[in-house]
>>> print(open('run26.cif').read())   # mmCIF, C-alpha atoms
data_model
#
loop_
_atom_site.label_atom_id
_atom_site.label_comp_id
_atom_site.auth_asym_id
_atom_site.auth_seq_id
_atom_site.Cartn_x
_atom_site.Cartn_y
_atom_site.Cartn_z
CA MET Y 120 5.53 3.39 -13.23
CA LEU Y 121 3.92 1.81 -10.20
CA ILE Y 122 0.26 2.21 -9.37
CA ALA Y 123 -0.10 3.21 -5.71
CA SER Y 124 -2.96 1.58 -3.85
CA GLY Y 125 -3.70 0.19 -0.40
CA CYS Y 126 -2.42 2.22 2.53
CA GLY Y 127 -0.29 5.35 2.60
CA GLY Y 128 -1.01 8.82 1.32
CA ALA Y 129 -2.33 11.67 3.44
CA ARG Y 130 -1.61 10.26 6.90
CA ASP Y 131 1.87 9.98 8.33
CA ASP Y 132 3.25 6.52 7.52
CA GLN Y 133 4.99 6.13 10.86
CA ALA Y 134 1.74 6.95 12.68
CA ILE Y 135 -0.19 4.41 10.61
CA HIS Y 136 2.39 1.77 11.55
CA GLU Y 137 2.37 2.65 15.24
CA GLU Y 138 -1.42 2.76 15.45
CA MET Y 139 -1.97 -0.67 13.91
CA PRO Y 140 -3.80 -2.71 16.59
CA ARG Y 141 -2.04 -5.60 18.24
CA LEU Y 142 -3.55 -8.97 17.38
CA SER Y 143 -3.45 -12.15 19.43
CA LEU Y 144 -3.55 -15.85 18.61
CA THR Y 145 -6.42 -18.06 19.70
CA PRO Y 146 -5.56 -21.80 19.81
CA LEU Y 147 -8.05 -23.84 17.79
CA ALA Y 148 -6.58 -27.32 17.38
CA GLN Y 149 -3.21 -29.01 17.75
CA ILE Y 150 -1.64 -31.41 15.30
CA CYS Y 151 -1.02 -34.61 17.28
CA VAL Y 152 -2.23 -33.70 20.76
CA GLY Y 153 0.33 -35.05 23.24
CA GLY Y 154 2.86 -35.78 20.50
CA ASP Y 155 3.95 -39.11 21.99
CA GLU Y 156 3.26 -41.26 18.93
CA VAL Y 157 6.08 -41.77 16.41
CA PRO Y 158 4.23 -39.96 13.56
CA CYS Y 159 3.99 -36.91 15.81
CA GLN Y 160 7.69 -36.61 16.54
CA PHE Y 161 9.49 -34.00 14.43
CA VAL Y 162 12.96 -32.52 14.66
CA ASN Y 163 12.23 -29.23 12.91
CA ALA Y 164 8.93 -29.65 10.99
CA ALA Y 165 10.59 -27.65 8.22
CA LEU Y 166 7.78 -28.43 5.78
CA ALA Y 167 4.13 -27.88 6.66
CA THR Y 168 1.33 -27.30 4.18
CA VAL Y 169 -2.47 -27.34 4.10
CA ALA Y 170 -4.89 -28.92 1.60
CA PRO Y 171 -8.19 -27.28 0.57
CA ASP Y 172 -10.12 -29.78 2.73
CA GLY Y 173 -8.03 -28.99 5.83
CA ARG Y 174 -5.61 -31.91 5.67
CA VAL Y 175 -2.09 -31.07 6.80
CA ALA Y 176 1.20 -32.54 5.57
CA VAL Y 177 4.30 -32.17 7.76
CA ALA Y 178 7.88 -33.36 7.32
CA ASP Y 179 11.43 -32.86 8.50
CA ILE Y 180 13.85 -32.21 5.63
CA PHE Y 181 15.40 -35.68 5.94
CA GLY Y 182 12.24 -37.33 7.28
CA GLU Y 183 9.03 -38.87 6.04
CA LEU Y 184 6.06 -36.85 4.88
CA ARG Y 185 3.12 -37.44 7.22
CA GLU Y 186 -0.46 -36.42 6.63
CA PHE Y 187 -2.98 -35.42 9.31
CA GLY Y 188 -6.71 -34.82 9.17
CA ARG Y 189 -8.44 -31.51 9.81
CA ASP Y 190 -8.86 -32.52 13.45
CA GLY Y 191 -5.10 -33.05 13.83
CA GLN Y 192 -5.13 -36.87 13.97
CA PHE Y 193 -2.53 -38.87 12.05
CA VAL Y 194 -3.88 -40.28 8.75
CA ARG Y 195 -1.00 -41.74 6.74
CA THR Y 196 2.64 -41.56 5.74
CA VAL Y 197 2.91 -40.27 2.17
CA GLY Y 198 5.65 -42.00 0.19
CA ALA Y 199 8.77 -43.33 1.87
CA ARG Y 200 12.50 -42.80 2.22
CA GLY Y 201 14.44 -44.04 -0.79
CA GLY Y 202 15.13 -43.42 -4.46
CA GLY Y 203 12.34 -45.26 -6.24
CA PRO Y 204 8.86 -44.18 -7.37
CA GLY Y 205 7.04 -42.46 -4.53
CA GLU Y 206 10.26 -42.22 -2.52
CA TYR Y 207 12.54 -39.34 -1.57
CA ARG Y 208 15.74 -38.61 0.36
CA ARG Y 209 15.77 -34.87 1.04
CA LEU Y 210 12.46 -33.04 0.90
CA VAL Y 211 12.91 -29.31 0.50
CA ALA Y 212 9.44 -28.21 -0.61
CA ALA Y 213 5.85 -29.49 -0.51
CA GLY Y 214 2.43 -28.05 -1.25
CA TYR Y 215 -1.14 -28.94 -2.23
CA ASP Y 216 -2.98 -27.78 -5.32
CA GLY Y 217 -6.67 -26.87 -5.58
CA LEU Y 218 -7.64 -30.52 -6.10
CA GLY Y 219 -5.92 -31.68 -2.92
CA ARG Y 220 -2.97 -33.31 -4.70
CA LEU Y 221 0.36 -33.02 -2.93
CA THR Y 222 3.47 -31.97 -4.89
CA VAL Y 223 6.92 -32.49 -3.35
CA LEU Y 224 10.46 -31.68 -4.45
CA ASP Y 225 13.29 -34.07 -3.58
CA GLN Y 226 16.54 -32.10 -3.71
CA SER Y 227 18.70 -35.22 -3.95
CA ALA Y 228 17.66 -35.63 -7.61
CA MET Y 229 15.67 -32.41 -8.16
CA ARG Y 230 12.73 -34.74 -8.70
CA VAL Y 231 9.17 -33.47 -8.54
CA GLN Y 232 6.50 -35.98 -7.52
CA ARG Y 233 2.76 -35.53 -7.13
CA PHE Y 234 0.58 -37.67 -4.86
CA ASP Y 235 -3.20 -37.93 -5.14
CA GLY Y 236 -5.65 -37.72 -2.24
CA THR Y 237 -4.95 -41.34 -1.26
CA GLY Y 238 -1.17 -40.89 -1.11
CA THR Y 239 -0.55 -42.65 -4.45
CA VAL Y 240 1.97 -41.22 -6.93
CA ASP Y 241 0.23 -39.87 -10.03
CA GLY Y 242 3.02 -37.85 -11.63
CA THR Y 243 6.81 -37.51 -11.68
CA ALA Y 244 9.04 -34.91 -13.35
CA THR Y 245 12.51 -33.40 -13.07
CA ALA Y 246 12.89 -29.74 -12.16
CA PRO Y 247 14.81 -27.74 -14.80
CA PHE Y 248 18.38 -26.65 -14.18
CA ILE Y 249 18.39 -23.03 -13.01
CA PRO Y 250 21.81 -21.27 -12.72
CA GLY Y 251 22.36 -19.70 -9.32
CA LEU Y 252 19.49 -21.57 -7.64
CA ILE Y 253 19.19 -20.44 -4.01
CA GLY Y 254 15.77 -21.68 -2.90
CA VAL Y 255 12.64 -23.59 -3.80
CA SER Y 256 9.04 -23.83 -2.67
CA VAL Y 257 5.76 -25.35 -3.87
CA VAL Y 258 2.95 -22.86 -4.38
CA HIS Y 259 -0.54 -24.17 -5.12
CA GLY Y 260 0.81 -27.26 -6.82
CA LYS Y 261 3.52 -25.46 -8.81
CA VAL Y 262 7.24 -25.46 -8.09
CA ALA Y 263 8.78 -22.04 -7.49
CA LEU Y 264 12.54 -21.82 -8.13
CA PHE Y 265 14.42 -18.76 -6.86
CA SER Y 266 17.78 -17.95 -8.43
CA LEU Y 267 20.50 -15.35 -8.06
CA PRO Y 268 22.63 -15.81 -11.20
CA GLY Y 269 25.81 -13.93 -11.95
CA ALA Y 270 26.89 -13.08 -8.38
CA SER Y 271 30.65 -12.69 -8.33
CA ALA Y 272 31.87 -10.34 -5.61
CA ILE Y 273 30.81 -8.26 -2.65
CA GLY Y 274 29.20 -5.03 -3.77
CA ASP Y 275 27.99 -6.36 -7.11
CA THR Y 276 24.31 -6.03 -7.93
CA VAL Y 277 22.60 -8.81 -9.85
CA GLU Y 278 19.04 -9.56 -10.88
CA ALA Y 279 17.20 -12.23 -8.95
CA HIS Y 280 14.77 -14.43 -10.87
CA LEU Y 281 11.71 -16.45 -9.93
CA VAL Y 282 10.69 -19.34 -12.19
CA LEU Y 283 7.34 -21.07 -11.68
CA VAL Y 284 7.07 -24.61 -13.06
CA ASP Y 285 3.85 -26.57 -13.60
CA PRO Y 286 4.86 -30.20 -12.86
CA ALA Y 287 1.99 -31.58 -14.93
CA SER Y 288 2.62 -29.71 -18.19
CA GLY Y 289 6.22 -28.61 -17.72
CA ASP Y 290 5.21 -25.04 -18.58
CA THR Y 291 7.32 -22.32 -16.96
CA SER Y 292 6.97 -18.61 -16.37
CA SER Y 293 9.72 -16.30 -15.18
CA LEU Y 294 9.88 -13.01 -13.33
CA PRO Y 295 13.33 -11.38 -13.49
CA GLY Y 296 14.38 -7.94 -12.47
CA LEU Y 297 14.67 -7.73 -8.67
CA PRO Y 298 18.06 -6.15 -7.85
CA GLU Y 299 19.95 -8.02 -5.14
CA PRO Y 300 23.44 -7.57 -3.68
CA ALA Y 301 25.79 -10.30 -4.80
CA ILE Y 302 27.23 -12.90 -2.48
CA ALA Y 303 30.83 -12.35 -1.37
CA THR Y 304 33.16 -14.96 -2.91
CA GLY Y 305 36.51 -13.54 -1.89
CA ASP Y 306 39.05 -14.63 -4.50
CA GLY Y 307 36.66 -17.14 -6.06
CA SER Y 308 38.31 -20.20 -4.51
CA MET Y 309 35.91 -20.65 -1.60
CA PHE Y 310 32.25 -21.27 -0.94
CA PRO Y 311 30.62 -17.80 -0.86
CA ILE Y 312 29.28 -16.17 2.29
CA PRO Y 313 26.27 -13.84 2.16
CA PRO Y 314 26.50 -10.19 3.17
CA LEU Y 315 25.54 -9.36 6.76
CA PHE Y 316 21.82 -9.15 7.61
CA THR Y 317 20.88 -10.20 4.12
CA VAL Y 318 17.44 -11.59 3.39
CA MET Y 319 17.37 -13.80 0.33
CA PRO Y 320 14.62 -13.23 -2.27
CA ILE Y 321 12.98 -16.55 -1.42
CA GLU Y 322 12.07 -15.07 1.97
CA ARG Y 323 10.76 -11.79 0.55
CA TRP Y 324 8.89 -13.21 -2.43
CA ALA Y 325 5.56 -15.01 -2.30
CA VAL Y 326 2.93 -16.19 -4.76
CA SER Y 327 -0.76 -15.56 -4.11
CA PRO Y 328 -3.55 -18.11 -4.75
CA ASP Y 329 -4.28 -16.47 -8.12
CA GLY Y 330 -0.66 -16.90 -9.21
CA ALA Y 331 0.54 -13.30 -8.86
CA PHE Y 332 4.09 -12.66 -7.61
CA HIS Y 333 4.47 -10.42 -4.55
CA LEU Y 334 7.77 -9.01 -3.36
CA ALA Y 335 8.83 -6.91 -0.38
CA ASP Y 336 11.56 -4.29 -0.23
CA ARG Y 337 14.58 -4.46 2.05
CA GLU Y 338 14.58 -1.02 3.68
CA ARG Y 339 10.97 0.06 3.26
CA LEU Y 340 7.71 -1.52 4.31
CA ARG Y 341 6.55 -1.92 0.74
CA ILE Y 342 4.87 -4.90 -0.97
CA VAL Y 343 4.42 -4.93 -4.75
CA ARG Y 344 2.18 -7.25 -6.75
CA ARG Y 345 3.26 -8.34 -10.24
CA ASP Y 346 1.00 -10.51 -12.38
CA ARG Y 347 2.59 -13.29 -14.42
CA ALA Y 348 0.61 -12.12 -17.46
CA GLY Y 349 2.47 -8.82 -17.39
CA GLY Y 350 0.99 -5.41 -16.89
CA THR Y 351 1.90 -2.62 -14.53
CA PRO Y 352 3.08 -3.65 -11.05
CA VAL Y 353 0.75 -2.52 -8.25
CA VAL Y 354 2.01 -1.22 -4.91
CA LEU Y 355 -0.23 -2.76 -2.25
CA VAL Y 356 1.64 -1.53 0.83
CA ASP Y 357 4.04 1.42 0.98
CA LEU Y 358 4.87 2.80 4.43
CA ALA Y 359 7.98 4.91 5.08
CA VAL Y 360 8.65 3.35 8.48
CA ALA Y 361 11.94 4.08 10.22
CA PRO Y 362 14.06 0.90 10.16
CA ARG Y 363 16.28 -0.15 13.07
CA PRO Y 364 19.88 1.08 12.58
CA VAL Y 365 22.72 -1.44 12.38
CA THR Y 366 25.17 -0.80 15.21
CA ASP Y 367 28.83 -1.77 15.54
CA GLN Y 368 27.74 -4.28 18.17
CA ASP Y 369 25.28 -5.84 15.71
CA ILE Y 370 28.05 -6.21 13.13
CA GLU Y 371 30.54 -7.82 15.51
CA ALA Y 372 27.88 -10.19 16.88
CA ALA Y 373 26.91 -11.23 13.35
CA LEU Y 374 30.55 -11.84 12.40
CA ALA Y 375 31.10 -13.88 15.56
CA ARG Y 376 28.20 -16.14 14.53
CA ARG Y 377 30.03 -16.97 11.29
CA GLY Y 378 32.19 -19.38 13.29
CA PRO Y 379 35.96 -19.91 13.60
CA ILE Y 380 38.38 -18.57 11.00
CA GLY Y 381 39.07 -21.81 9.11
CA PRO Y 382 40.39 -25.21 10.22
CA PRO Y 383 43.28 -25.28 12.71
CA GLY Y 384 46.67 -24.94 11.04
CA ASN Y 385 45.34 -24.04 7.59
CA THR Y 386 46.61 -20.49 7.27
CA VAL Y 387 45.57 -20.14 3.61
CA VAL Y 388 41.90 -20.88 4.26
CA ALA Y 389 42.00 -18.75 7.41
CA ALA Y 390 43.35 -15.80 5.42
CA GLN Y 391 40.68 -16.21 2.74
CA LEU Y 392 37.90 -16.35 5.31
CA ARG Y 393 39.31 -13.31 7.08
CA ARG Y 394 39.23 -11.33 3.83
CA GLN Y 395 35.60 -12.28 3.33
CA LEU Y 396 34.69 -11.29 6.87
CA ASP Y 397 36.55 -7.98 6.50
CA ALA Y 398 34.62 -7.31 3.27
CA ALA Y 399 31.36 -8.16 5.03
CA ARG Y 400 32.20 -5.73 7.84
CA GLU Y 401 33.07 -2.92 5.44
CA ASN Y 402 29.94 -3.44 3.34
CA ALA Y 403 27.49 -3.93 6.20
CA PRO Y 404 24.14 -2.19 5.59
CA ARG Y 405 23.13 0.89 7.57
CA VAL Y 406 19.81 -0.53 8.74
CA HIS Y 407 18.17 -3.87 9.43
CA PRO Y 408 15.62 -5.03 6.85
CA LEU Y 409 11.98 -4.13 7.55
CA VAL Y 410 10.74 -7.36 5.97
CA THR Y 411 12.55 -10.65 6.54
CA ARG Y 412 9.74 -12.97 5.41
CA LEU Y 413 6.61 -12.51 3.32
CA VAL Y 414 3.68 -14.94 3.62
CA ILE Y 415 0.41 -14.92 1.67
CA LEU Y 416 -2.50 -16.90 3.12
CA ASP Y 417 -5.19 -18.62 1.06
CA ASP Y 418 -7.56 -15.67 1.55
CA GLY Y 419 -4.91 -13.26 0.24
CA THR Y 420 -3.92 -11.90 3.67
CA LEU Y 421 -0.35 -10.54 3.63
CA LEU Y 422 1.97 -11.13 6.58
CA ALA Y 423 5.36 -9.36 6.67
CA ARG Y 424 7.86 -10.46 9.32
CA GLY Y 425 10.25 -7.84 10.67
CA SER Y 426 13.73 -8.12 12.23
CA ALA Y 427 14.20 -9.39 15.77
CA PRO Y 428 16.05 -6.91 18.01
CA PRO Y 429 19.08 -8.44 19.81
CA GLY Y 430 18.22 -10.16 23.08
CA ILE Y 431 14.47 -10.11 22.38
CA ASP Y 432 12.70 -13.32 21.37
CA SER Y 433 9.60 -11.74 19.86
CA VAL Y 434 9.25 -10.54 16.27
CA ARG Y 435 6.60 -8.27 14.83
CA TRP Y 436 4.55 -9.59 11.91
CA ASN Y 437 2.62 -6.81 10.16
CA VAL Y 438 -0.74 -8.01 8.80
CA PHE Y 439 -2.44 -6.48 5.75
CA SER Y 440 -5.52 -7.41 3.75
CA ALA Y 441 -5.19 -8.74 0.20
CA GLU Y 442 -5.74 -5.15 -0.98
CA GLY Y 443 -2.96 -3.81 1.27
CA ASP Y 444 -5.08 -2.26 4.02
CA PRO Y 445 -3.56 -2.45 7.54
CA VAL Y 446 -5.17 -5.12 9.74
CA GLY Y 447 -2.84 -5.12 12.75
CA TYR Y 448 0.29 -6.86 13.96
CA LEU Y 449 1.27 -10.06 15.76
CA LEU Y 450 4.17 -10.48 18.18
CA LEU Y 451 5.45 -14.04 17.73
CA SER Y 452 8.52 -15.85 19.02
CA ALA Y 453 11.52 -15.64 16.70
CA GLY Y 454 11.31 -19.37 15.92
CA THR Y 455 7.64 -19.31 14.90
CA SER Y 456 6.78 -20.00 11.26
CA ILE Y 457 3.45 -19.43 9.53
CA ALA Y 458 2.72 -22.23 7.05
CA ALA Y 459 -0.65 -21.59 5.43
CA GLY Y 460 -4.38 -21.22 6.03
CA ARG Y 461 -6.60 -18.19 6.36
CA LEU Y 462 -6.51 -15.34 8.85
CA GLU Y 463 -9.27 -16.93 10.94
CA ARG Y 464 -7.51 -20.34 10.84
CA MET Y 465 -3.72 -20.33 10.36
CA LEU Y 466 -1.30 -23.25 10.65
CA LEU Y 467 1.71 -22.29 12.78
CA THR Y 468 4.83 -24.12 13.94
CA ILE Y 469 5.97 -22.84 17.33
CA PRO Y 470 9.03 -24.26 19.15
CA ASP Y 471 8.55 -25.08 22.83
CA ALA Y 472 11.02 -24.43 25.66
CA ASP Y 473 13.10 -27.42 24.50
CA ASP Y 474 13.05 -26.17 20.88
CA VAL Y 475 10.73 -29.02 19.86
CA PRO Y 476 8.30 -27.88 17.13
CA ARG Y 477 4.61 -27.83 18.06
CA ILE Y 478 2.21 -27.52 15.15
CA GLY Y 479 -1.32 -26.22 15.49
CA TRP Y 480 -4.21 -24.22 14.14
CA TYR Y 481 -4.72 -20.69 15.46
CA GLY Y 482 -7.25 -17.97 14.88
CA VAL Y 483 -6.46 -14.26 15.03
CA ARG Y 484 -8.38 -11.55 16.84
CA SER Y 485 -7.62 -8.12 18.22
CA GLU Y 486 -6.53 -7.79 21.83
CA ALA Y 487 -9.62 -5.66 22.44
CA GLU Y 488 -11.79 -8.61 21.41
CA ALA Y 489 -9.68 -10.97 23.50
CA GLY Y 490 -10.04 -8.71 26.54
CA ALA Y 491 -13.79 -8.60 26.07
CA GLY Y 492 -13.90 -12.40 25.99
CA ARG Y 493 -15.29 -12.62 22.49
#
>>> encode(input="run26.cif", output="structure tokens")
Amino acid sequence: MLIASGCGGARDDQAIHEEMPRLSLTPLAQICVGGDEVPCQFVNAALATVAPDGRVAVADIFGELREFGRDGQFVRTVGARGGGPGEYRRLVAAGYDGLGRLTVLDQSAMRVQRFDGTGTVDGTATAPFIPGLIGVSVVHGKVALFSLPGASAIGDTVEAHLVLVDPASGDTSSLPGLPEPAIATGDGSMFPIPPLFTVMPIERWAVSPDGAFHLADRERLRIVRRDRAGGTPVVLVDLAVAPRPVTDQDIEAALARRGPIGPPGNTVVAAQLRRQLDAARENAPRVHPLVTRLVILDDGTLLARGSAPPGIDSVRWNVFSAEGDPVGYLLLSAGTSIAAGRLERMLLTIPDADDVPRIGWYGVRSEAEAGAGR
């Protein structure tokens, strides 16, 4: 049984959603103003995280990890490219703990390294083997491993798992039990393709500062909190909001984005891919997911990203308090990512007109406050 709390109840859920006030971003400071120096040049800025003292670490997946001060000025390069101590080849996750130490995960060897406040390595470990691993992140100094074991064919339902690893002690905790549709593998001889419009658990799961797991549903605006220590899950947000239907045009556009049907002249691979695409078309969902990304800020604020309508570059992020009360919503460009921070000071990566990532600090206020000049 779930304990209902937060919003919902007597008022109409759709009305609550529609009446949430629009919020706007207020620029506070930019990381690397101008961006002409080499440390400021990023291809995708896929990793961005914030320390308790306001330091920011940013890296491309195949790049170096660079640290910036609270004012946005370059401080140091943390570690280096390579395979030795303090080195890495493919960074896929990074995050600070409460003491300001930076933990990173190098996918090339599944090696976890921790750097102290001066950028010196003070711990190294190897992440455990997790069957069906589909994503990783670092949450408050711990490594979160998301897995989808047992997927075998389109239409199957498997249980997704989240394993949280403490790199210092090696202790792990696991949260199984989130049903997920399996990945389509065709006849088992090819790399699997995901179902259409799927949102992997790593995007819909998040861990709060106190270590509680939060997860969002696919077809309902609902966020559930589950403590690692056990106990009854608590529903923080539960709004029966009408999702956007999936149209035939949506399906064909999504299939077209999957690319060509195999290499030229290879009829066997082409036939296998065609069977997978046909299965994806037949099993396409009826509606687009209401939550495509869940983010929890350091103050517990919940941000739930919706689906971007075709041809529109803005996406709605619904904002709720740590207790699940509606705060408002943001309209952000589809390429914008929210890294960390607090509601009054969030770190965002926003691509410019040339798709170059620009990283900066932003505050949030209602449009009524913005219009009044406050």
>>> atom_distance(input="run26.cif", atom1="atom CA of Y:Gln391", atom2="atom CA of Y:Val365")
25.2 Å
>>> resolve_selection(input="run26.cif", expression="the PyMOL selection byres ((chain Y and resi 137) around 12)", output="compact mmCIF listing (two decimals) with C-alpha atoms, in the frame of the given file")
# COMPACT_ATOMS: atom_id res chain seq x y z
CA ARG Y 130 -1.61 10.26 6.90
CA ASP Y 131 1.87 9.98 8.33
CA ASP Y 132 3.25 6.52 7.52
CA GLN Y 133 4.99 6.13 10.86
CA ALA Y 134 1.74 6.95 12.68
CA ILE Y 135 -0.19 4.41 10.61
CA HIS Y 136 2.39 1.77 11.55
CA GLU Y 138 -1.42 2.76 15.45
CA MET Y 139 -1.97 -0.67 13.91
CA PRO Y 140 -3.80 -2.71 16.59
CA ARG Y 141 -2.04 -5.60 18.24
CA LEU Y 358 4.87 2.80 4.43
CA ALA Y 359 7.98 4.91 5.08
CA VAL Y 360 8.65 3.35 8.48
CA ALA Y 361 11.94 4.08 10.22
CA ARG Y 435 6.60 -8.27 14.83
CA ASN Y 437 2.62 -6.81 10.16
CA PRO Y 445 -3.56 -2.45 7.54
CA GLY Y 447 -2.84 -5.12 12.75
CA TYR Y 448 0.29 -6.86 13.96
>>> residues_around(input="run26.cif", residues="Y:Leu467", least_positions_apart="5", cutoff="7 Å", atoms="all atoms listed in the file", output="ChimeraX atom specification")
/Y:455-458,478-480
>>> resolve_selection(input="run26.cif", expression="the PyMOL selection byres ((chain Y and resi 220) around 6)", output="ChimeraX atom specification")
/Y:215-216,218-219,221,234-236
>>> closest_residue(input="run26.cif", among="Y:Ser440, Y:Gln395, Y:Gln149, Y:Ser288", to="Y:Leu374", atoms="all atoms listed in the file")
Y:Gln395
>>> atom_distance(input="run26.cif", atom1="atom CA of Y:Ala331", atom2="atom CA of Y:Val414")
13.0 Å
>>> resolve_selection(input="run26.cif", expression="the PyMOL selection byres ((chain Y and resi 419) around 10)", output="list in words")
Val326, Ser327, Pro328, Asp329, Val414, Ile415, Leu416, Asp417, Asp418, Thr420, Leu421, Leu422, Phe439, Ser440, Ala441, Glu442, Gly443, Gly460, Arg461 and Leu462 of chain Y
>>> residues_near_point(input="run26.cif", point="(-0.9, -25.5, 8.0)", cutoff="7 Å", atoms="all atoms listed in the file", output="PDB file with C-alpha atoms, in the coordinates of the input")
ATOM      1  CA  ALA Y 167       4.130 -27.880   6.660  1.00  0.00           C
ATOM      2  CA  THR Y 168       1.330 -27.300   4.180  1.00  0.00           C
ATOM      3  CA  VAL Y 169      -2.470 -27.340   4.100  1.00  0.00           C
ATOM      4  CA  VAL Y 175      -2.090 -31.070   6.800  1.00  0.00           C
ATOM      5  CA  ALA Y 458       2.720 -22.230   7.050  1.00  0.00           C
ATOM      6  CA  ALA Y 459      -0.650 -21.590   5.430  1.00  0.00           C
ATOM      7  CA  GLY Y 460      -4.380 -21.220   6.030  1.00  0.00           C
ATOM      8  CA  MET Y 465      -3.720 -20.330  10.360  1.00  0.00           C
ATOM      9  CA  LEU Y 466      -1.300 -23.250  10.650  1.00  0.00           C
ATOM     10  CA  LEU Y 467       1.710 -22.290  12.780  1.00  0.00           C
TER      11      LEU Y 467
END
>>> atom_distance(input="run26.cif", atom1="atom CA of Y:Val277", atom2="atom CA of Y:Val318")
14.5 Å
>>> residues_around(input="run26.cif", residues="Y:Arg230", least_positions_apart="2", cutoff="8 Å", atoms="all atoms listed in the file", output="PyMOL selection string")
chain Y and resi 224-228+232+243-246
>>> axis_aligned_box(input="run26.cif", around="stretch 400-418 of chain Y", padding_each_side="6 Å", output="AutoDock Vina command-line options")
--center_x 12.8 --center_y -8.9 --center_z 5.2 --size_x 52.6 --size_y 31.5 --size_z 20.4
>>> residues_near_point(input="run26.cif", point="(-4.5, -11.9, 14.7)", cutoff="10 Å", atoms="all atoms listed in the file", output="list of chain:residue names")
Y:Pro140, Y:Arg141, Y:Leu142, Y:Ser143, Y:Leu144, Y:Thr145, Y:Trp436, Y:Asn437, Y:Val438, Y:Val446, Y:Gly447, Y:Tyr448, Y:Leu449, Y:Leu450, Y:Leu462, Y:Glu463, Y:Arg464, Y:Met465, Y:Tyr481, Y:Gly482, Y:Val483, Y:Arg484, Y:Ser485, Y:Glu486
>>> residues_around(input="run26.cif", residues="Y:Thr222", least_positions_apart="2", cutoff="6 Å", atoms="only C-alpha atoms", output="number ranges by chain")
Y: 213-214, 232-233, 260
>>> residues_around(input="run26.cif", residues="stretch 176-188 of chain Y", least_positions_apart="6", cutoff="10 Å", atoms="only C-alpha atoms", output="PyMOL selection string")
chain Y and resi 150-151+158-170+194-200+206-215+221+223+225-226+238+478
>>> closest_residue(input="run26.cif", among="Y:Leu451, Y:Ala325, Y:Gly203, Y:Glu401", to="Y:Asp432", atoms="only C-alpha atoms")
Y:Leu451
>>> closest_residue(input="run26.cif", among="Y:Val262, Y:Ala423, Y:Leu396, Y:Ala335", to="Y:Val354", atoms="all atoms listed in the file")
Y:Ala335
>>> build_atoms(input="run26.cif", residues="stretch 478-487 of chain Y", atoms="N, CA, C and O atoms", output="mmCIF file, in the coordinates of the input")
data_model
loop_
_atom_site.group_PDB
_atom_site.id
_atom_site.type_symbol
_atom_site.label_atom_id
_atom_site.label_comp_id
_atom_site.auth_asym_id
_atom_site.auth_seq_id
_atom_site.Cartn_x
_atom_site.Cartn_y
_atom_site.Cartn_z
ATOM 1 N N ILE Y 478 2.956 -27.980 16.317
ATOM 2 C CA ILE Y 478 2.210 -27.520 15.150
ATOM 3 C C ILE Y 478 0.735 -27.445 15.502
ATOM 4 O O ILE Y 478 0.177 -28.378 16.106
ATOM 5 N N GLY Y 479 0.093 -26.347 15.149
ATOM 6 C CA GLY Y 479 -1.320 -26.220 15.490
ATOM 7 C C GLY Y 479 -2.030 -25.169 14.674
ATOM 8 O O GLY Y 479 -1.413 -24.360 13.962
ATOM 9 N N TRP Y 480 -3.343 -25.205 14.783
ATOM 10 C CA TRP Y 480 -4.210 -24.220 14.140
ATOM 11 C C TRP Y 480 -4.506 -23.092 15.128
ATOM 12 O O TRP Y 480 -4.767 -23.339 16.306
ATOM 13 N N TYR Y 481 -4.461 -21.859 14.624
ATOM 14 C CA TYR Y 481 -4.720 -20.690 15.460
ATOM 15 C C TYR Y 481 -5.603 -19.712 14.694
ATOM 16 O O TYR Y 481 -5.457 -19.539 13.485
ATOM 17 N N GLY Y 482 -6.487 -19.067 15.423
ATOM 18 C CA GLY Y 482 -7.250 -17.970 14.880
ATOM 19 C C GLY Y 482 -6.626 -16.663 15.326
ATOM 20 O O GLY Y 482 -5.791 -16.633 16.232
ATOM 21 N N VAL Y 483 -7.013 -15.574 14.703
ATOM 22 C CA VAL Y 483 -6.460 -14.260 15.030
ATOM 23 C C VAL Y 483 -7.595 -13.322 15.396
ATOM 24 O O VAL Y 483 -8.629 -13.278 14.714
ATOM 25 N N ARG Y 484 -7.427 -12.591 16.463
ATOM 26 C CA ARG Y 484 -8.380 -11.550 16.840
ATOM 27 C C ARG Y 484 -7.627 -10.427 17.518
ATOM 28 O O ARG Y 484 -6.490 -10.598 17.969
ATOM 29 N N SER Y 485 -8.265 -9.261 17.595
ATOM 30 C CA SER Y 485 -7.620 -8.120 18.220
ATOM 31 C C SER Y 485 -7.581 -8.327 19.726
ATOM 32 O O SER Y 485 -8.384 -9.081 20.295
ATOM 33 N N GLU Y 486 -6.622 -7.662 20.372
ATOM 34 C CA GLU Y 486 -6.530 -7.790 21.830
ATOM 35 C C GLU Y 486 -7.755 -7.187 22.519
ATOM 36 O O GLU Y 486 -8.112 -7.602 23.610
ATOM 37 N N ALA Y 487 -8.392 -6.226 21.875
ATOM 38 C CA ALA Y 487 -9.620 -5.660 22.440
ATOM 39 C C ALA Y 487 -10.710 -6.738 22.486
ATOM 40 O O ALA Y 487 -11.439 -6.863 23.483
#
